[in-house]
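One file, run_22.cif, carrying mmCIF, C-alpha atoms:
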```cif
data_my_file
#
loop_
_atom_site.group_PDB
_atom_site.id
_atom_site.type_symbol
_atom_site.label_atom_id
_atom_site.label_comp_id
_atom_site.auth_asym_id
_atom_site.auth_seq_id
_atom_site.Cartn_x
_atom_site.Cartn_y
_atom_site.Cartn_z
ATOM 1 C CA MET A 1 -77.222 49.345 142.544
ATOM 2 C CA SER A 2 -74.769 47.223 140.587
ATOM 3 C CA GLU A 3 -75.307 45.366 137.336
ATOM 4 C CA ASN A 4 -75.283 42.166 139.392
ATOM 5 C CA SER A 5 -78.165 43.265 141.593
ATOM 6 C CA LYS A 6 -81.100 40.890 141.907
ATOM 7 C CA VAL A 7 -84.186 42.518 140.377
ATOM 8 C CA SER A 8 -87.744 41.257 140.677
ATOM 9 C CA LEU A 9 -91.328 42.452 140.304
ATOM 10 C CA ARG A 10 -94.174 40.628 142.011
ATOM 11 C CA LEU A 11 -97.638 40.981 143.437
ATOM 12 C CA ALA A 12 -97.555 42.704 146.814
ATOM 13 C CA GLN A 13 -98.231 40.612 149.901
ATOM 14 C CA LEU A 14 -99.546 41.630 153.318
ATOM 15 C CA ASP A 15 -96.046 41.191 154.750
ATOM 16 C CA ASP A 16 -94.883 44.062 152.510
ATOM 17 C CA ALA A 17 -96.949 46.597 154.454
ATOM 18 C CA GLN A 18 -94.121 48.027 156.555
ATOM 19 C CA ALA A 19 -91.798 48.342 153.560
ATOM 20 C CA ILE A 20 -94.564 50.156 151.671
ATOM 21 C CA ILE A 21 -95.080 52.518 154.612
ATOM 22 C CA ASP A 22 -91.346 53.253 154.738
ATOM 23 C CA ILE A 23 -91.450 54.336 151.074
ATOM 24 C CA TYR A 24 -94.723 56.256 151.400
ATOM 25 C CA LYS A 25 -94.028 58.069 154.693
ATOM 26 C CA PRO A 26 -91.707 60.824 153.329
ATOM 27 C CA TYR A 27 -94.265 61.658 150.633
ATOM 28 C CA VAL A 28 -96.958 62.025 153.299
ATOM 29 C CA ILE A 29 -94.907 64.122 155.724
ATOM 30 C CA ASP A 30 -92.711 66.216 153.459
ATOM 31 C CA THR A 31 -94.633 66.692 150.196
ATOM 32 C CA ALA A 32 -98.021 67.416 148.676
ATOM 33 C CA ILE A 33 -97.556 64.639 146.113
ATOM 34 C CA THR A 34 -100.117 62.725 148.117
ATOM 35 C CA PHE A 35 -102.951 64.588 149.821
ATOM 36 C CA THR A 36 -102.863 62.048 152.642
ATOM 37 C CA SER A 37 -101.683 63.826 155.787
ATOM 38 C CA LYS A 38 -101.483 60.909 158.225
ATOM 39 C CA VAL A 39 -99.003 58.062 157.811
ATOM 40 C CA PRO A 40 -101.006 54.824 157.533
ATOM 41 C CA THR A 41 -100.519 51.952 159.938
ATOM 42 C CA VAL A 42 -99.586 48.427 158.941
ATOM 43 C CA ALA A 43 -103.220 47.440 159.475
ATOM 44 C CA ASP A 44 -104.369 50.314 157.224
ATOM 45 C CA VAL A 45 -102.052 49.264 154.390
ATOM 46 C CA GLN A 46 -102.951 45.602 154.709
ATOM 47 C CA LYS A 47 -106.683 46.331 154.570
ATOM 48 C CA THR A 48 -106.295 48.640 151.577
ATOM 49 C CA MET A 49 -104.094 46.099 149.795
ATOM 50 C CA ALA A 50 -106.531 43.244 150.405
ATOM 51 C CA ASP A 51 -109.437 45.332 149.096
ATOM 52 C CA ILE A 52 -107.516 46.457 146.002
ATOM 53 C CA LYS A 53 -106.290 42.961 145.126
ATOM 54 C CA LYS A 54 -109.850 41.689 144.824
ATOM 55 C CA HIS A 55 -110.041 43.597 141.549
ATOM 56 C CA TYR A 56 -106.737 45.253 140.612
ATOM 57 C CA PRO A 57 -102.994 44.541 140.548
ATOM 58 C CA TYR A 58 -100.879 45.808 143.456
ATOM 59 C CA LEU A 59 -97.206 45.395 142.581
ATOM 60 C CA VAL A 60 -93.859 45.858 144.283
ATOM 61 C CA CYS A 61 -90.341 46.052 142.875
ATOM 62 C CA GLU A 62 -87.474 44.491 144.803
ATOM 63 C CA ILE A 63 -83.766 45.172 144.385
ATOM 64 C CA ASP A 64 -81.581 42.695 146.251
ATOM 65 C CA ASN A 65 -84.636 41.632 148.293
ATOM 66 C CA GLN A 66 -85.446 45.225 149.340
ATOM 67 C CA VAL A 67 -88.799 46.682 148.310
ATOM 68 C CA VAL A 68 -87.904 49.932 146.541
ATOM 69 C CA GLY A 69 -91.180 50.868 144.854
ATOM 70 C CA PHE A 70 -94.831 49.967 144.544
ATOM 71 C CA ALA A 71 -97.677 50.657 142.162
ATOM 72 C CA TYR A 72 -101.337 49.743 142.016
ATOM 73 C CA ALA A 73 -104.621 50.493 140.316
ATOM 74 C CA ASN A 74 -107.863 51.287 142.077
ATOM 75 C CA LYS A 75 -111.447 52.335 141.478
ATOM 76 C CA VAL A 76 -112.040 55.781 139.952
ATOM 77 C CA ARG A 77 -115.682 56.245 140.971
ATOM 78 C CA PRO A 78 -118.243 53.905 142.518
ATOM 79 C CA GLN A 79 -120.912 53.857 139.795
ATOM 80 C CA GLU A 80 -121.027 50.698 137.656
ATOM 81 C CA ALA A 81 -120.597 52.576 134.381
ATOM 82 C CA TYR A 82 -117.045 53.453 135.478
ATOM 83 C CA ARG A 83 -116.000 49.867 136.163
ATOM 84 C CA TRP A 84 -113.741 49.614 133.095
ATOM 85 C CA ASN A 85 -111.618 52.504 134.406
ATOM 86 C CA ALA A 86 -108.801 52.552 136.945
ATOM 87 C CA GLU A 87 -106.845 55.238 138.772
ATOM 88 C CA LEU A 88 -103.129 54.617 139.246
ATOM 89 C CA SER A 89 -100.744 55.229 142.139
ATOM 90 C CA ILE A 90 -96.977 54.764 142.128
ATOM 91 C CA TYR A 91 -94.270 55.576 144.675
ATOM 92 C CA ILE A 92 -90.526 54.930 144.511
ATOM 93 C CA ASN A 93 -87.933 55.062 147.270
ATOM 94 C CA PRO A 94 -86.214 58.428 146.613
ATOM 95 C CA ALA A 95 -82.799 56.752 146.785
ATOM 96 C CA PHE A 96 -83.770 54.746 143.689
ATOM 97 C CA HIS A 97 -85.235 57.519 141.530
ATOM 98 C CA GLY A 98 -84.093 57.694 137.926
ATOM 99 C CA ARG A 99 -83.283 53.989 137.585
ATOM 100 C CA GLY A 100 -86.255 52.841 135.511
ATOM 101 C CA ILE A 101 -88.202 51.333 138.405
ATOM 102 C CA ALA A 102 -91.360 53.357 137.755
ATOM 103 C CA THR A 103 -91.231 52.437 134.070
ATOM 104 C CA ALA A 104 -90.908 48.740 134.900
ATOM 105 C CA LEU A 105 -93.749 48.805 137.432
ATOM 106 C CA TYR A 106 -96.064 50.584 135.006
ATOM 107 C CA THR A 107 -95.117 48.240 132.155
ATOM 108 C CA ALA A 108 -96.220 45.241 134.226
ATOM 109 C CA LEU A 109 -99.244 46.992 135.688
ATOM 110 C CA PHE A 110 -100.598 48.003 132.265
ATOM 111 C CA SER A 111 -100.098 44.527 130.839
ATOM 112 C CA ILE A 112 -102.118 42.929 133.627
ATOM 113 C CA LEU A 113 -104.860 45.568 133.475
ATOM 114 C CA LYS A 114 -105.222 44.978 129.736
ATOM 115 C CA VAL A 115 -105.627 41.226 130.243
ATOM 116 C CA GLN A 116 -108.275 41.952 132.863
ATOM 117 C CA GLY A 117 -110.268 44.038 130.399
ATOM 118 C CA TYR A 118 -109.761 47.547 131.751
ATOM 119 C CA CYS A 119 -109.935 50.293 129.138
ATOM 120 C CA ASN A 120 -109.177 53.738 130.589
ATOM 121 C CA LEU A 121 -106.421 54.607 133.061
ATOM 122 C CA TYR A 122 -106.198 57.853 135.004
ATOM 123 C CA ALA A 123 -103.411 59.659 136.828
ATOM 124 C CA VAL A 124 -104.179 62.392 139.352
ATOM 125 C CA ILE A 125 -101.046 64.473 139.915
ATOM 126 C CA THR A 126 -100.454 67.296 142.405
ATOM 127 C CA MET A 127 -98.664 70.105 140.611
ATOM 128 C CA PRO A 128 -95.844 70.792 140.141
ATOM 129 C CA ASN A 129 -94.473 67.285 139.643
ATOM 130 C CA ASP A 130 -92.377 67.231 136.484
ATOM 131 C CA ALA A 131 -91.119 63.670 137.018
ATOM 132 C CA SER A 132 -94.614 62.185 137.320
ATOM 133 C CA VAL A 133 -95.928 64.144 134.351
ATOM 134 C CA ALA A 134 -92.948 62.988 132.252
ATOM 135 C CA LEU A 135 -93.507 59.356 133.291
ATOM 136 C CA HIS A 136 -97.153 59.432 132.280
ATOM 137 C CA ARG A 137 -96.490 61.234 128.995
ATOM 138 C CA HIS A 138 -93.860 58.588 128.241
ATOM 139 C CA PHE A 139 -96.643 56.009 128.462
ATOM 140 C CA GLY A 140 -98.973 58.023 126.237
ATOM 141 C CA PHE A 141 -101.174 59.769 128.794
ATOM 142 C CA ASN A 142 -102.939 62.942 127.667
ATOM 143 C CA ASP A 143 -103.801 65.944 129.825
ATOM 144 C CA LEU A 144 -107.487 66.201 130.662
ATOM 145 C CA GLY A 145 -107.309 69.394 132.676
ATOM 146 C CA ILE A 146 -106.166 71.067 135.854
ATOM 147 C CA HIS A 147 -108.343 71.446 138.924
ATOM 148 C CA GLY A 148 -107.097 74.730 140.358
ATOM 149 C CA ALA A 149 -106.532 75.036 144.118
ATOM 150 C CA ASN A 150 -108.058 71.589 144.559
ATOM 151 C CA GLY A 151 -106.365 70.590 147.805
ATOM 152 C CA TYR A 152 -104.720 72.380 150.738
ATOM 153 C CA LYS A 153 -101.589 70.850 152.238
ATOM 154 C CA LEU A 154 -98.388 72.102 153.866
ATOM 155 C CA GLY A 155 -99.714 75.631 154.055
ATOM 156 C CA ALA A 156 -100.703 76.132 150.428
ATOM 157 C CA TRP A 157 -103.458 75.417 147.924
ATOM 158 C CA ARG A 158 -102.413 72.830 145.335
ATOM 159 C CA ASP A 159 -103.462 72.406 141.706
ATOM 160 C CA VAL A 160 -104.202 68.891 140.483
ATOM 161 C CA LEU A 161 -103.642 67.631 136.935
ATOM 162 C CA TRP A 162 -105.795 64.799 135.595
ATOM 163 C CA MET A 163 -104.288 62.661 132.825
ATOM 164 C CA GLU A 164 -105.884 59.843 130.813
ATOM 165 C CA TYR A 165 -104.674 56.862 128.814
ATOM 166 C CA ARG A 166 -106.778 54.433 126.781
ATOM 167 C CA ILE A 167 -105.172 51.014 126.613
ATOM 168 C CA PRO A 168 -104.502 50.136 122.944
ATOM 169 C CA GLY A 169 -106.630 47.265 121.766
ATOM 170 C CA ALA A 170 -108.932 47.531 124.751
ATOM 171 C CA ILE A 171 -111.864 45.199 124.168
ATOM 172 C CA ASP A 172 -115.358 46.576 123.707
ATOM 173 C CA PRO A 173 -116.933 46.233 127.171
ATOM 174 C CA GLY A 174 -120.230 45.254 125.548
ATOM 175 C CA ALA A 175 -118.554 42.137 124.140
ATOM 176 C CA PHE A 176 -116.171 41.435 126.995
ATOM 177 C CA GLY A 177 -118.367 41.955 130.036
ATOM 178 C CA ASN A 178 -117.007 43.025 133.404
ATOM 179 C CA PRO A 179 -113.256 43.263 133.994
ATOM 180 C CA LEU A 180 -111.807 40.042 135.357
ATOM 181 C CA PRO A 181 -111.092 39.992 139.098
ATOM 182 C CA LEU A 182 -107.392 39.599 139.706
ATOM 183 C CA ASP A 183 -107.770 36.032 140.997
ATOM 184 C CA LYS A 184 -109.408 35.032 137.706
ATOM 185 C CA VAL A 185 -106.449 36.135 135.603
ATOM 186 C CA LYS A 186 -104.296 33.251 134.392
ATOM 187 C CA GLN A 187 -101.186 33.008 136.545
ATOM 188 C CA ASN A 188 -99.069 32.648 133.421
ATOM 189 C CA ASP A 189 -100.298 36.036 132.158
ATOM 190 C CA ILE A 190 -99.323 37.674 135.447
ATOM 191 C CA ASP A 191 -95.967 35.905 135.608
ATOM 192 C CA THR A 192 -95.158 36.852 132.011
ATOM 193 C CA ALA A 193 -96.003 40.527 132.588
ATOM 194 C CA LEU A 194 -93.842 40.644 135.719
ATOM 195 C CA ALA A 195 -90.920 38.780 134.154
ATOM 196 C CA LEU A 196 -90.827 40.965 131.038
ATOM 197 C CA ALA A 197 -90.893 44.140 133.113
ATOM 198 C CA ALA A 198 -88.167 42.815 135.416
ATOM 199 C CA ALA A 199 -86.025 41.979 132.390
ATOM 200 C CA LEU A 200 -86.587 45.526 131.116
ATOM 201 C CA LEU A 201 -85.404 46.917 134.452
ATOM 202 C CA SER A 202 -82.417 44.579 134.626
ATOM 203 C CA GLY A 203 -81.385 45.700 131.157
ATOM 204 C CA ALA A 204 -81.652 49.346 132.197
ATOM 205 C CA GLN A 205 -79.053 48.774 134.926
ATOM 206 C CA ARG A 206 -76.382 47.654 132.441
#
```

Represent the supplied structure as structure tokens.
Amino acid sequence: MSENSKVSLRLAQLDDAQAIIDIYKPYVIDTAITFTSKVPTVADVQKTMADIKKHYPYLVCEIDNQVVGFAYANKVRPQEAYRWNAELSIYINPAFHGRGIATALYTALFSILKVQGYCNLYAVITMPNDASVALHRHFGFNDLGIHGANGYKLGAWRDVLWMEYRIPGAIDPGAFGNPLPLDKVKQNDIDTALALAAALLSGAQR
């Protein structure tokens, strides 16, 4: 990627489903980073995306019009008392690792989640995964604990690390009410978050 590459972050669209699958597929087949064992179909990704975007941001990063990474938030648990929390997922095309894409996606994602009124963010990481742990610690996540032998994939039991981050300045839910659905967030707030993160990524390439 050259310093003249076109960099953008945006909300994912249904037409991005195949590009998202292309990024996700090696993680499903070759690693235990995700406990998913079956590569999703385009219809699967589109349904999941549509459901997520009712409440949470689902973002993609493009380099020269190629989707090279995606990140989204989703529900942690179904009970209403957990509704100010979100669990995060992020995947980057391996050819683009180490270029600041994950940092840019998270920067935008966190900004939008804060505007929505979410308070606590969680990462659930199959161990070992030094890069993911380092990314989350960079953003201020703290270790909550390890669930030993929590999942079995690729012929071995896998430990899972839970990490937590409380968004600074998160509003008291008692005063704020429910988190805003994504379609109720001001478009300017979304555009600003995406533009600032894209500028951060563009700067990292120089």

* To do: Have a look at A:Phe35, A:Phe110, A:Tyr122, A:Phe96 and name the one nearest to A:Lys75; count all atoms listed in the file.
  =>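 Among A:Phe35, A:Phe110, A:Tyr122, A:Phe96, it is A:Tyr122 that comes nearest to A:Lys75.
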
Straight-line distance linking atom CA of A:Ile33 with atom CA of A:Ile125, stated in Å to one decimal: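 Taking atom CA of A:Ile33 and atom CA of A:Ile125, their separation equals 7.1 Å.
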
_A:Leu113, A:Ile101, A:Ala95, A:Val68 ranked by distance to A:Gln18, top pick (using all atoms listed in the file)_ =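 Once distances to A:Gln18 are computed over all atoms listed in the file, the minimum belongs to A:Val68.
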
Restricting to all atoms listed in the file, whichever of A:Ala43, A:Val185, A:Ala71, A:Ala19 is closest to A:Thr107 is A:Ala71

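Selection check: the PyMOL selection byres ((chain A and resi 13) around 9) on the shown file gives Arg10, Leu11, Ala12, Leu14, Asp15, Asp16, Ala17, Gln46, Met49, Ala50, Tyr58, Leu59 and Val60 of chain A.
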
Output C-alpha atoms for every residue in the selection just made, as a CSV table (one decimal), in the coordinates of the input.
```
chain,number,residue,atom,x,y,z
A,10,ARG,CA,-94.2,40.6,142.0
A,11,LEU,CA,-97.6,41.0,143.4
A,12,ALA,CA,-97.6,42.7,146.8
A,14,LEU,CA,-99.5,41.6,153.3
A,15,ASP,CA,-96.0,41.2,154.8
A,16,ASP,CA,-94.9,44.1,152.5
A,17,ALA,CA,-96.9,46.6,154.5
A,46,GLN,CA,-103.0,45.6,154.7
A,49,MET,CA,-104.1,46.1,149.8
A,50,ALA,CA,-106.5,43.2,150.4
A,58,TYR,CA,-100.9,45.8,143.5
A,59,LEU,CA,-97.2,45.4,142.6
A,60,VAL,CA,-93.9,45.9,144.3
```

* Which distance in Å separates atom CA of A:Leu121 and atom CA of A:Asp30, to one decimal? ->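 Taking atom CA of A:Leu121 and atom CA of A:Asp30, their separation equals 27.2 Å.
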
- Evaluating the PyMOL selection byres ((chain A and resi 56) around 9) on the displayed file yields which residues, as a PyMOL selection string? chain A and resi 51-55+57-58+72-75+86+112-113+116+180-182

Answer key for the PyMOL selection byres ((chain A and resi 132) around 12), residues as a VMD selection string: chain A and resid 33 88 to 92 97 to 98 102 to 103 106 123 to 131 133 to 139 141 161 to 163

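Among the candidates A:Ala156, A:Leu144, A:Ala108, A:Ala149, the one nearest to A:Asp189 when counting all atoms listed in the file is A:Ala108.
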
* In Å, how far is it from atom CA of A:Ile29 to atom CA of A:Gly69? ->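 Interatomic distance here is 17.5 Å.
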
Let me have the centre and edge lengths of the axis-aligned box enclosing all listed atoms of stretch 20-24 of chain A with 5 Å padding on every side, in Å to one decimal, as AutoDock Vina command-line options.
```
--center_x -93.2 --center_y 53.2 --center_z 152.9 --size_x 13.7 --size_y 16.1 --size_z 13.7
```

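Distances from A:Leu196, A:Ile146, A:Leu105, A:Cys119 to A:Pro168 were compared using all atoms listed in the file, and the smallest one belongs to A:Cys119.
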
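Residues lying within 9 Å of A:Trp84, counting only C-alpha atoms and ignoring same-chain neighbours fewer than 6 positions away, are A:Gly117, A:Tyr118, A:Cys119, A:Asn120, A:Leu121, A:Pro173, A:Asn178, A:Pro179.
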
If you count only C-alpha atoms, the residue of A:Pro94, A:Gly148, A:Gly203, A:Pro40 closest to A:Val28 turns out to be A:Pro40

- Query: Which polymer residues have any atom within 7 Å of an atom of A:Ala198, counting only C-alpha atoms, with same-chain residues fewer than 6 positions away left out, as a list in words?
  - Reply: Val7, Ser8, Leu9 and Ala104 of chain A
